[in-house]
Amino acid sequence: MAEPTEERAKSKKVGALAALWPFVRPYRLMVLIAGLALILTSTVSLVLPMAVRRVVDSFGAGNLAILDTYFTAFLLIAALLALGTGVRYYFVTRLGERVVADIRRAIFDKVLGMSPAWFERIMTGEIVSRITTDTTLILSVIGSSVSVALRHFLTLAGGLVLLALTSAKLAGIVLLLVPAIVVPIIVLGRRLRRLSRENQDWIANSSGKATEALGAVQTVQSFTHEAATRAEFGAVTEHSFLSAKTRIATRAVLTVIVIFLVFAGVVGVLWLGARDVRNGVMTAGELVQFVIYAVLVAGAVGSLSEIWGELQRAAGATERLVEILQADDPVHDPAHPTALPTPVRGEITLDNVAFHYPSRPDYRALNGVTLTVRPGETVALVGPSGAGKSTVLQLLMRFYDPQSGAIRLDGIDLRDMSRETFRAHMALVPQDPVIFAASAMENIRFGRPGATDAEVMEAARSAAAHDFITALPDAYDTFLGERGVMLSGGQKQRIAIARAILRDAKVLLLDEATSALDAESERAVQEAVDRLSQGRTMLVVAHRLATVKKANRIVVFDGGRIVAIGSHDDLVAEDGLYARLARLQFTDGAA
């Protein structure tokens with residue numbers, strides 16, 4: 001993740017929150033109802049001081065009937081205020097929850113479709129932080145701060161008008177105080193916005209570090225790296241705290257300045273008003289009315305200064321979320337995708353393919369690779385580590401696009417089809433199989449969600465997984481834990497192979513699929529794979545050459561290029577790279 005000090009696009013104002021409007025727009029009716037309730041409560045709040053003035057001025061009249069009328073009006077006003085506040089709270093809070101749920105879903109939907117090339121530039125923990133922490137900030141704004149800010153703004157605007165109508169002289173004095181209050185809000189508000197953004201960046205960084213460490217907790221513990229990992233996480237967390245402390249201090253200073261100036265002004269105005277009452281310039285009721293309006297205006301200004309900080313933080317959070325929603329994926333579907341001819345034959349063609357990973361632009365993982373795999377053919381890709389074998393499978397799944405050349409399925413360039421179209425006819429067994437936090441049954445059914453229990457069990461038998469699954473505490477219903485912590489490496493691979501078998505795809509991609517199996521399980525799985533390969537195109541990446549001797553062709557990679565193609569016997573006879581690898585493995589095996 002980029003450090004918080006790195007230059008990033010930053011909003012110059014709270015207007016960044018306007019990016020939330022597309023999520024709010026579908027719920028305009030809720031906005032309208034909440035707005036009407038807001039206007040009602042603000043209006044009632046502004047009418048209340050008028051009623052107070054009449055009550056105060058009527059004390060000397062001695063007419064109890066008038067007093068009864070005024071106090072009855074007070075009750076009606078209180079009822080309207082309570083009703084309006086309740087309605088506003090319900091619809092505003094509901095709107096906030098609804099909008100944030102939509103934002104979280106939109107972010108997740110966007111991220112789930114992004115290619116691995118995009119994930120090279122961002123940590124998963126940071127994405128999780130944006131989905132949780134940043135959306136929580138937005139929830140507080142939409143579900144509370146915005147409506148409260150609007151209510152205070154209406155109170156401020158209406159209060160200033162009514163102040164002028166009550167006493168133009170005193171209102172003029174109040175207006176003279178406004179610049180003294182606004183300037184600190186603007187100056188410190190800018191600093192607060194920057195600090196808020198920096199604080200959120202550090203929080204995301206902390207979340208990313210935690211996710212990374214907890215995801216590899218066994219590795220951390222096995223290398224006795226706990227102390228260093230704790231120190232690293234502690235340092236990032238401390239940075240986050242120090243950033244938050246600076247932000248809090250800045251906001252506290254802003255609050256102190258604004259509230260003191262506001263209430264100092266109120267005291268001054270009250271002192272002048274008391275002198276006017278003594279001189280008969282205004283009545284006691286008018287002074288009380290003016291003071292109440294002044295308090296309302298002062299409270300509105302003070303609250304707005306606090307809410308401004310919340311809006312600044314939410315603006316920063318919105319920017320971060322918009323960054324994801326507007327992120328450009330280097331791999332994307334065409335606007336008008338080409339359909340894959342049916343029935344799918346499974347012919348794979350690599351035409352002069354050159355590719356380097358985005359994070360390693362100076363190193364070519366593949367360099368001018370040309371290869372055609374005929375329908376139903378089993379082709380093994382072998383070679384030393386880093387030769388480009390697994391990269392071929394990555395490109396076939398279109399996790400990345402080559403910088404030059406083309407990859408075709410049944411004569412159609414993968415870039416001309418939607419990824420969902422051709423991936424539906426492929427099944428991948430990765431070198432590091434993924435086991436979800438679900439039951440064994442659901443993990444295998446992931447290959448074909450509509451499969452029956454009987455079909456899942458048959459796939460497990462074919463992958464030599466049935467016996468160990470039935471030995472689990474709840475058999476196929478056993479929860480396998482996060483990332484399959486209950487299983488051994490070989491058991492994970494057999495679950496992944498069963499998943500691929502269940503998918504029943506035309507093209508099978510196996511990346512070291514039997515590397516973690518014992519000899520007996522490997523033989524059983526190999527037999528299952530041999531049966532499964534009938535009528536299907538299969539590419540097998542393997543270091544263990546004994547598993548690929550039966551392949552129709554063996555393609556030898558070295559340095560991102562194809563250096564030899566042939567059968568096992570032919571390649572051994574050529575006495576090239578494959579022969580050297582074979583001698584090493586089979587000699588070691590014999591020993």
# chains A, B, ... in the order shown; residues from 1 in each chain; ligands from 1
>>> residues_around(residues="range 89-98 of chain A", least_positions_apart="6", cutoff="7 Å", atoms="only C-alpha atoms", output="number ranges by chain")
A: 30, 34, 139, 142-144
>>> residues_around(residues="Val373 in chain A", least_positions_apart="3", cutoff="9 Å", atoms="only C-alpha atoms", output="PyMOL selection string")
chain A and resi 346-350+376-379+537-539
>>> write_last_selection(atoms="N, CA, C and O atoms", output="mmCIF file, in the first residue's frame")
data_model
loop_
_atom_site.group_PDB
_atom_site.id
_atom_site.type_symbol
_atom_site.label_atom_id
_atom_site.label_comp_id
_atom_site.auth_asym_id
_atom_site.auth_seq_id
_atom_site.Cartn_x
_atom_site.Cartn_y
_atom_site.Cartn_z
ATOM 1 N N GLY A 346 -12.322 -26.975 -27.693
ATOM 2 C CA GLY A 346 -11.217 -26.951 -26.743
ATOM 3 C C GLY A 346 -9.856 -26.782 -27.373
ATOM 4 O O GLY A 346 -8.843 -27.156 -26.765
ATOM 5 N N GLU A 347 -9.791 -26.212 -28.567
ATOM 6 C CA GLU A 347 -8.486 -25.960 -29.193
ATOM 7 C C GLU A 347 -7.887 -24.672 -28.622
ATOM 8 O O GLU A 347 -8.543 -23.636 -28.580
ATOM 9 N N ILE A 348 -6.642 -24.745 -28.194
ATOM 10 C CA ILE A 348 -5.950 -23.602 -27.591
ATOM 11 C C ILE A 348 -4.770 -23.221 -28.478
ATOM 12 O O ILE A 348 -3.992 -24.082 -28.896
ATOM 13 N N THR A 349 -4.655 -21.921 -28.751
ATOM 14 C CA THR A 349 -3.566 -21.431 -29.592
ATOM 15 C C THR A 349 -2.887 -20.247 -28.920
ATOM 16 O O THR A 349 -3.561 -19.290 -28.519
ATOM 17 N N LEU A 350 -1.584 -20.325 -28.797
ATOM 18 C CA LEU A 350 -0.769 -19.190 -28.359
ATOM 19 C C LEU A 350 0.039 -18.742 -29.568
ATOM 20 O O LEU A 350 0.812 -19.539 -30.132
ATOM 21 N N GLY A 376 -8.898 -32.171 -27.225
ATOM 22 C CA GLY A 376 -8.767 -33.498 -26.629
ATOM 23 C C GLY A 376 -7.347 -33.911 -26.329
ATOM 24 O O GLY A 376 -7.123 -35.020 -25.836
ATOM 25 N N GLU A 377 -6.380 -33.054 -26.591
ATOM 26 C CA GLU A 377 -4.978 -33.403 -26.386
ATOM 27 C C GLU A 377 -4.548 -33.079 -24.960
ATOM 28 O O GLU A 377 -4.989 -32.087 -24.367
ATOM 29 N N THR A 378 -3.667 -33.909 -24.412
ATOM 30 C CA THR A 378 -3.065 -33.637 -23.112
ATOM 31 C C THR A 378 -1.628 -33.181 -23.336
ATOM 32 O O THR A 378 -0.818 -33.930 -23.891
ATOM 33 N N VAL A 379 -1.358 -31.954 -22.918
ATOM 34 C CA VAL A 379 -0.036 -31.367 -23.108
ATOM 35 C C VAL A 379 0.531 -31.000 -21.743
ATOM 36 O O VAL A 379 -0.148 -30.344 -20.944
ATOM 37 N N THR A 537 -9.488 -31.195 -23.497
ATOM 38 C CA THR A 537 -8.157 -30.624 -23.654
ATOM 39 C C THR A 537 -7.571 -30.372 -22.270
ATOM 40 O O THR A 537 -8.245 -29.794 -21.416
ATOM 41 N N MET A 538 -6.330 -30.824 -22.067
ATOM 42 C CA MET A 538 -5.764 -30.682 -20.733
ATOM 43 C C MET A 538 -4.323 -30.169 -20.828
ATOM 44 O O MET A 538 -3.514 -30.699 -21.579
ATOM 45 N N LEU A 539 -4.047 -29.116 -20.068
ATOM 46 C CA LEU A 539 -2.691 -28.603 -19.915
ATOM 47 C C LEU A 539 -2.258 -28.872 -18.481
ATOM 48 O O LEU A 539 -2.955 -28.485 -17.534
#
>>> select_by_dssp(residues="range 196-389 of chain A", states="strand (DSSP E)", output="PDB file with N, CA, C and O atoms, in the first residue's frame")
ATOM      1  N   ILE A 348      -6.642 -24.745 -28.194  1.00  0.00           N
ATOM      2  CA  ILE A 348      -5.950 -23.602 -27.591  1.00  0.00           C
ATOM      3  C   ILE A 348      -4.770 -23.221 -28.478  1.00  0.00           C
ATOM      4  O   ILE A 348      -3.992 -24.082 -28.896  1.00  0.00           O
ATOM      5  N   THR A 349      -4.655 -21.921 -28.751  1.00  0.00           N
ATOM      6  CA  THR A 349      -3.566 -21.431 -29.592  1.00  0.00           C
ATOM      7  C   THR A 349      -2.887 -20.247 -28.920  1.00  0.00           C
ATOM      8  O   THR A 349      -3.561 -19.290 -28.519  1.00  0.00           O
ATOM      9  N   LEU A 350      -1.584 -20.325 -28.797  1.00  0.00           N
ATOM     10  CA  LEU A 350      -0.769 -19.190 -28.359  1.00  0.00           C
ATOM     11  C   LEU A 350       0.039 -18.742 -29.568  1.00  0.00           C
ATOM     12  O   LEU A 350       0.812 -19.539 -30.132  1.00  0.00           O
ATOM     13  N   ASP A 351      -0.153 -17.506 -29.990  1.00  0.00           N
ATOM     14  CA  ASP A 351       0.464 -16.996 -31.211  1.00  0.00           C
ATOM     15  C   ASP A 351       1.468 -15.892 -30.884  1.00  0.00           C
ATOM     16  O   ASP A 351       1.088 -14.740 -30.643  1.00  0.00           O
ATOM     17  N   ASN A 352       2.749 -16.274 -30.821  1.00  0.00           N
ATOM     18  CA  ASN A 352       3.844 -15.319 -30.601  1.00  0.00           C
ATOM     19  C   ASN A 352       3.575 -14.440 -29.372  1.00  0.00           C
ATOM     20  O   ASN A 352       3.664 -13.216 -29.419  1.00  0.00           O
ATOM     21  N   VAL A 353       3.277 -15.084 -28.267  1.00  0.00           N
ATOM     22  CA  VAL A 353       2.877 -14.384 -27.049  1.00  0.00           C
ATOM     23  C   VAL A 353       4.103 -13.895 -26.282  1.00  0.00           C
ATOM     24  O   VAL A 353       5.027 -14.669 -26.000  1.00  0.00           O
ATOM     25  N   ALA A 354       4.083 -12.609 -25.943  1.00  0.00           N
ATOM     26  CA  ALA A 354       5.103 -12.020 -25.069  1.00  0.00           C
ATOM     27  C   ALA A 354       4.389 -11.359 -23.898  1.00  0.00           C
ATOM     28  O   ALA A 354       3.371 -10.680 -24.080  1.00  0.00           O
ATOM     29  N   PHE A 355       4.947 -11.579 -22.701  1.00  0.00           N
ATOM     30  CA  PHE A 355       4.241 -11.063 -21.515  1.00  0.00           C
ATOM     31  C   PHE A 355       5.232 -10.807 -20.392  1.00  0.00           C
ATOM     32  O   PHE A 355       6.183 -11.569 -20.183  1.00  0.00           O
ATOM     33  N   LEU A 366       7.182 -14.520 -20.513  1.00  0.00           N
ATOM     34  CA  LEU A 366       7.051 -15.262 -21.768  1.00  0.00           C
ATOM     35  C   LEU A 366       7.612 -14.392 -22.885  1.00  0.00           C
ATOM     36  O   LEU A 366       7.383 -13.182 -22.913  1.00  0.00           O
ATOM     37  N   ASN A 367       8.296 -15.033 -23.816  1.00  0.00           N
ATOM     38  CA  ASN A 367       8.955 -14.270 -24.874  1.00  0.00           C
ATOM     39  C   ASN A 367       8.794 -15.005 -26.207  1.00  0.00           C
ATOM     40  O   ASN A 367       9.527 -15.942 -26.519  1.00  0.00           O
ATOM     41  N   GLY A 368       7.783 -14.572 -26.983  1.00  0.00           N
ATOM     42  CA  GLY A 368       7.567 -15.144 -28.310  1.00  0.00           C
ATOM     43  C   GLY A 368       7.122 -16.592 -28.292  1.00  0.00           C
ATOM     44  O   GLY A 368       7.609 -17.419 -29.089  1.00  0.00           O
ATOM     45  N   VAL A 369       6.184 -16.939 -27.412  1.00  0.00           N
ATOM     46  CA  VAL A 369       5.705 -18.320 -27.288  1.00  0.00           C
ATOM     47  C   VAL A 369       4.614 -18.598 -28.310  1.00  0.00           C
ATOM     48  O   VAL A 369       3.604 -17.884 -28.359  1.00  0.00           O
ATOM     49  N   THR A 370       4.807 -19.629 -29.112  1.00  0.00           N
ATOM     50  CA  THR A 370       3.806 -20.065 -30.086  1.00  0.00           C
ATOM     51  C   THR A 370       3.533 -21.548 -29.854  1.00  0.00           C
ATOM     52  O   THR A 370       4.464 -22.363 -29.845  1.00  0.00           O
ATOM     53  N   LEU A 371       2.275 -21.887 -29.659  1.00  0.00           N
ATOM     54  CA  LEU A 371       1.910 -23.269 -29.352  1.00  0.00           C
ATOM     55  C   LEU A 371       0.447 -23.494 -29.695  1.00  0.00           C
ATOM     56  O   LEU A 371      -0.401 -22.629 -29.434  1.00  0.00           O
ATOM     57  N   THR A 372       0.140 -24.646 -30.274  1.00  0.00           N
ATOM     58  CA  THR A 372      -1.245 -25.027 -30.541  1.00  0.00           C
ATOM     59  C   THR A 372      -1.525 -26.351 -29.849  1.00  0.00           C
ATOM     60  O   THR A 372      -0.779 -27.325 -30.029  1.00  0.00           O
ATOM     61  N   VAL A 373      -2.573 -26.371 -29.044  1.00  0.00           N
ATOM     62  CA  VAL A 373      -3.006 -27.591 -28.353  1.00  0.00           C
ATOM     63  C   VAL A 373      -4.298 -28.041 -29.016  1.00  0.00           C
ATOM     64  O   VAL A 373      -5.301 -27.326 -29.000  1.00  0.00           O
ATOM     65  N   THR A 378      -3.667 -33.909 -24.412  1.00  0.00           N
ATOM     66  CA  THR A 378      -3.065 -33.637 -23.112  1.00  0.00           C
ATOM     67  C   THR A 378      -1.628 -33.181 -23.336  1.00  0.00           C
ATOM     68  O   THR A 378      -0.818 -33.930 -23.891  1.00  0.00           O
ATOM     69  N   VAL A 379      -1.358 -31.954 -22.918  1.00  0.00           N
ATOM     70  CA  VAL A 379      -0.036 -31.367 -23.108  1.00  0.00           C
ATOM     71  C   VAL A 379       0.531 -31.000 -21.743  1.00  0.00           C
ATOM     72  O   VAL A 379      -0.148 -30.344 -20.944  1.00  0.00           O
ATOM     73  N   ALA A 380       1.765 -31.429 -21.494  1.00  0.00           N
ATOM     74  CA  ALA A 380       2.433 -31.125 -20.233  1.00  0.00           C
ATOM     75  C   ALA A 380       3.439 -29.999 -20.454  1.00  0.00           C
ATOM     76  O   ALA A 380       4.149 -29.984 -21.466  1.00  0.00           O
ATOM     77  N   LEU A 381       3.455 -29.056 -19.520  1.00  0.00           N
ATOM     78  CA  LEU A 381       4.403 -27.952 -19.560  1.00  0.00           C
ATOM     79  C   LEU A 381       5.412 -28.172 -18.445  1.00  0.00           C
ATOM     80  O   LEU A 381       5.044 -28.209 -17.263  1.00  0.00           O
ATOM     81  N   VAL A 382       6.682 -28.341 -18.813  1.00  0.00           N
ATOM     82  CA  VAL A 382       7.709 -28.612 -17.822  1.00  0.00           C
ATOM     83  C   VAL A 382       8.861 -27.635 -18.007  1.00  0.00           C
ATOM     84  O   VAL A 382       8.964 -26.942 -19.021  1.00  0.00           O
TER      85      VAL A 382
END
>>> residues_around(residues="Ala427 in chain A", least_positions_apart="5", cutoff="6 Å", atoms="only C-alpha atoms", output="ChimeraX atom specification")
/A:500,505,508
>>> residues_around(residues="Arg445 in chain A", least_positions_apart="5", cutoff="10 Å", atoms="only C-alpha atoms", output="ChimeraX atom specification")
/A:439-440,450-453,455-457,459,498-500,502-503
>>> closest_residue(among="A:Val572, A:Leu414, A:Ile259, A:Leu38", to="Arg398 in chain A", atoms="only C-alpha atoms")
A:Leu414
>>> decode(residues="range 342-375 of chain A", atoms="N, CA, C and O atoms", output="mmCIF file, in the first residue's frame")
data_model
loop_
_atom_site.group_PDB
_atom_site.id
_atom_site.type_symbol
_atom_site.label_atom_id
_atom_site.label_comp_id
_atom_site.auth_asym_id
_atom_site.auth_seq_id
_atom_site.Cartn_x
_atom_site.Cartn_y
_atom_site.Cartn_z
ATOM 1 N N THR A 342 -20.341 -23.133 -30.740
ATOM 2 C CA THR A 342 -20.781 -24.353 -30.061
ATOM 3 C C THR A 342 -20.911 -25.474 -31.080
ATOM 4 O O THR A 342 -21.292 -25.233 -32.231
ATOM 5 N N PRO A 343 -20.635 -26.697 -30.682
ATOM 6 C CA PRO A 343 -20.101 -27.065 -29.366
ATOM 7 C C PRO A 343 -18.633 -26.656 -29.237
ATOM 8 O O PRO A 343 -17.914 -26.547 -30.226
ATOM 9 N N VAL A 344 -18.213 -26.432 -28.010
ATOM 10 C CA VAL A 344 -16.829 -26.032 -27.748
ATOM 11 C C VAL A 344 -15.915 -27.233 -27.995
ATOM 12 O O VAL A 344 -16.153 -28.324 -27.480
ATOM 13 N N ARG A 345 -14.874 -27.011 -28.824
ATOM 14 C CA ARG A 345 -13.944 -28.095 -29.149
ATOM 15 C C ARG A 345 -12.766 -28.152 -28.180
ATOM 16 O O ARG A 345 -12.227 -29.214 -27.907
ATOM 17 N N GLY A 346 -12.322 -26.975 -27.693
ATOM 18 C CA GLY A 346 -11.217 -26.951 -26.743
ATOM 19 C C GLY A 346 -9.856 -26.782 -27.373
ATOM 20 O O GLY A 346 -8.843 -27.156 -26.765
ATOM 21 N N GLU A 347 -9.791 -26.212 -28.567
ATOM 22 C CA GLU A 347 -8.486 -25.960 -29.193
ATOM 23 C C GLU A 347 -7.887 -24.672 -28.622
ATOM 24 O O GLU A 347 -8.543 -23.636 -28.580
ATOM 25 N N ILE A 348 -6.642 -24.745 -28.194
ATOM 26 C CA ILE A 348 -5.950 -23.602 -27.591
ATOM 27 C C ILE A 348 -4.770 -23.221 -28.478
ATOM 28 O O ILE A 348 -3.992 -24.082 -28.896
ATOM 29 N N THR A 349 -4.655 -21.921 -28.751
ATOM 30 C CA THR A 349 -3.566 -21.431 -29.592
ATOM 31 C C THR A 349 -2.887 -20.247 -28.920
ATOM 32 O O THR A 349 -3.561 -19.290 -28.519
ATOM 33 N N LEU A 350 -1.584 -20.325 -28.797
ATOM 34 C CA LEU A 350 -0.769 -19.190 -28.359
ATOM 35 C C LEU A 350 0.039 -18.742 -29.568
ATOM 36 O O LEU A 350 0.812 -19.539 -30.132
ATOM 37 N N ASP A 351 -0.153 -17.506 -29.990
ATOM 38 C CA ASP A 351 0.464 -16.996 -31.211
ATOM 39 C C ASP A 351 1.468 -15.892 -30.884
ATOM 40 O O ASP A 351 1.088 -14.740 -30.643
ATOM 41 N N ASN A 352 2.749 -16.274 -30.821
ATOM 42 C CA ASN A 352 3.844 -15.319 -30.601
ATOM 43 C C ASN A 352 3.575 -14.440 -29.372
ATOM 44 O O ASN A 352 3.664 -13.216 -29.419
ATOM 45 N N VAL A 353 3.277 -15.084 -28.267
ATOM 46 C CA VAL A 353 2.877 -14.384 -27.049
ATOM 47 C C VAL A 353 4.103 -13.895 -26.282
ATOM 48 O O VAL A 353 5.027 -14.669 -26.000
ATOM 49 N N ALA A 354 4.083 -12.609 -25.943
ATOM 50 C CA ALA A 354 5.103 -12.020 -25.069
ATOM 51 C C ALA A 354 4.389 -11.359 -23.898
ATOM 52 O O ALA A 354 3.371 -10.680 -24.080
ATOM 53 N N PHE A 355 4.947 -11.579 -22.701
ATOM 54 C CA PHE A 355 4.241 -11.063 -21.515
ATOM 55 C C PHE A 355 5.232 -10.807 -20.392
ATOM 56 O O PHE A 355 6.183 -11.569 -20.183
ATOM 57 N N HIS A 356 4.999 -9.695 -19.678
ATOM 58 C CA HIS A 356 5.694 -9.447 -18.421
ATOM 59 C C HIS A 356 4.662 -9.008 -17.395
ATOM 60 O O HIS A 356 3.681 -8.341 -17.719
ATOM 61 N N TYR A 357 4.865 -9.394 -16.129
ATOM 62 C CA TYR A 357 3.953 -9.009 -15.065
ATOM 63 C C TYR A 357 4.078 -7.513 -14.803
ATOM 64 O O TYR A 357 5.170 -6.941 -14.902
ATOM 65 N N PRO A 358 2.944 -6.842 -14.490
ATOM 66 C CA PRO A 358 2.988 -5.386 -14.262
ATOM 67 C C PRO A 358 4.001 -4.955 -13.217
ATOM 68 O O PRO A 358 4.602 -3.894 -13.325
ATOM 69 N N SER A 359 4.201 -5.787 -12.203
ATOM 70 C CA SER A 359 5.136 -5.423 -11.140
ATOM 71 C C SER A 359 6.596 -5.674 -11.532
ATOM 72 O O SER A 359 7.508 -5.266 -10.825
ATOM 73 N N ARG A 360 6.806 -6.361 -12.664
ATOM 74 C CA ARG A 360 8.176 -6.642 -13.123
ATOM 75 C C ARG A 360 8.299 -6.325 -14.615
ATOM 76 O O ARG A 360 8.455 -7.213 -15.455
ATOM 77 N N PRO A 361 8.223 -5.059 -14.969
ATOM 78 C CA PRO A 361 8.208 -4.685 -16.390
ATOM 79 C C PRO A 361 9.502 -5.003 -17.130
ATOM 80 O O PRO A 361 9.499 -5.098 -18.363
ATOM 81 N N ASP A 362 10.608 -5.187 -16.408
ATOM 82 C CA ASP A 362 11.887 -5.440 -17.067
ATOM 83 C C ASP A 362 12.175 -6.926 -17.266
ATOM 84 O O ASP A 362 13.209 -7.284 -17.839
ATOM 85 N N TYR A 363 11.256 -7.769 -16.789
ATOM 86 C CA TYR A 363 11.497 -9.217 -16.888
ATOM 87 C C TYR A 363 10.368 -9.863 -17.682
ATOM 88 O O TYR A 363 9.203 -9.789 -17.290
ATOM 89 N N ARG A 364 10.700 -10.485 -18.785
ATOM 90 C CA ARG A 364 9.687 -11.131 -19.620
ATOM 91 C C ARG A 364 9.446 -12.549 -19.132
ATOM 92 O O ARG A 364 10.334 -13.405 -19.204
ATOM 93 N N ALA A 365 8.238 -12.796 -18.654
ATOM 94 C CA ALA A 365 7.880 -14.142 -18.218
ATOM 95 C C ALA A 365 7.682 -15.065 -19.406
ATOM 96 O O ALA A 365 7.958 -16.267 -19.334
ATOM 97 N N LEU A 366 7.182 -14.520 -20.513
ATOM 98 C CA LEU A 366 7.051 -15.262 -21.768
ATOM 99 C C LEU A 366 7.612 -14.392 -22.885
ATOM 100 O O LEU A 366 7.383 -13.182 -22.913
ATOM 101 N N ASN A 367 8.296 -15.033 -23.816
ATOM 102 C CA ASN A 367 8.955 -14.270 -24.874
ATOM 103 C C ASN A 367 8.794 -15.005 -26.207
ATOM 104 O O ASN A 367 9.527 -15.942 -26.519
ATOM 105 N N GLY A 368 7.783 -14.572 -26.983
ATOM 106 C CA GLY A 368 7.567 -15.144 -28.310
ATOM 107 C C GLY A 368 7.122 -16.592 -28.292
ATOM 108 O O GLY A 368 7.609 -17.419 -29.089
ATOM 109 N N VAL A 369 6.184 -16.939 -27.412
ATOM 110 C CA VAL A 369 5.705 -18.320 -27.288
ATOM 111 C C VAL A 369 4.614 -18.598 -28.310
ATOM 112 O O VAL A 369 3.604 -17.884 -28.359
ATOM 113 N N THR A 370 4.807 -19.629 -29.112
ATOM 114 C CA THR A 370 3.806 -20.065 -30.086
ATOM 115 C C THR A 370 3.533 -21.548 -29.854
ATOM 116 O O THR A 370 4.464 -22.363 -29.845
ATOM 117 N N LEU A 371 2.275 -21.887 -29.659
ATOM 118 C CA LEU A 371 1.910 -23.269 -29.352
ATOM 119 C C LEU A 371 0.447 -23.494 -29.695
ATOM 120 O O LEU A 371 -0.401 -22.629 -29.434
ATOM 121 N N THR A 372 0.140 -24.646 -30.274
ATOM 122 C CA THR A 372 -1.245 -25.027 -30.541
ATOM 123 C C THR A 372 -1.525 -26.351 -29.849
ATOM 124 O O THR A 372 -0.779 -27.325 -30.029
ATOM 125 N N VAL A 373 -2.573 -26.371 -29.044
ATOM 126 C CA VAL A 373 -3.006 -27.591 -28.353
ATOM 127 C C VAL A 373 -4.298 -28.041 -29.016
ATOM 128 O O VAL A 373 -5.301 -27.326 -29.000
ATOM 129 N N ARG A 374 -4.265 -29.230 -29.603
ATOM 130 C CA ARG A 374 -5.420 -29.717 -30.348
ATOM 131 C C ARG A 374 -6.544 -30.146 -29.402
ATOM 132 O O ARG A 374 -6.276 -30.522 -28.244
ATOM 133 N N PRO A 375 -7.779 -30.130 -29.876
ATOM 134 C CA PRO A 375 -8.907 -30.556 -29.029
ATOM 135 C C PRO A 375 -8.703 -31.980 -28.517
ATOM 136 O O PRO A 375 -8.320 -32.885 -29.286
#
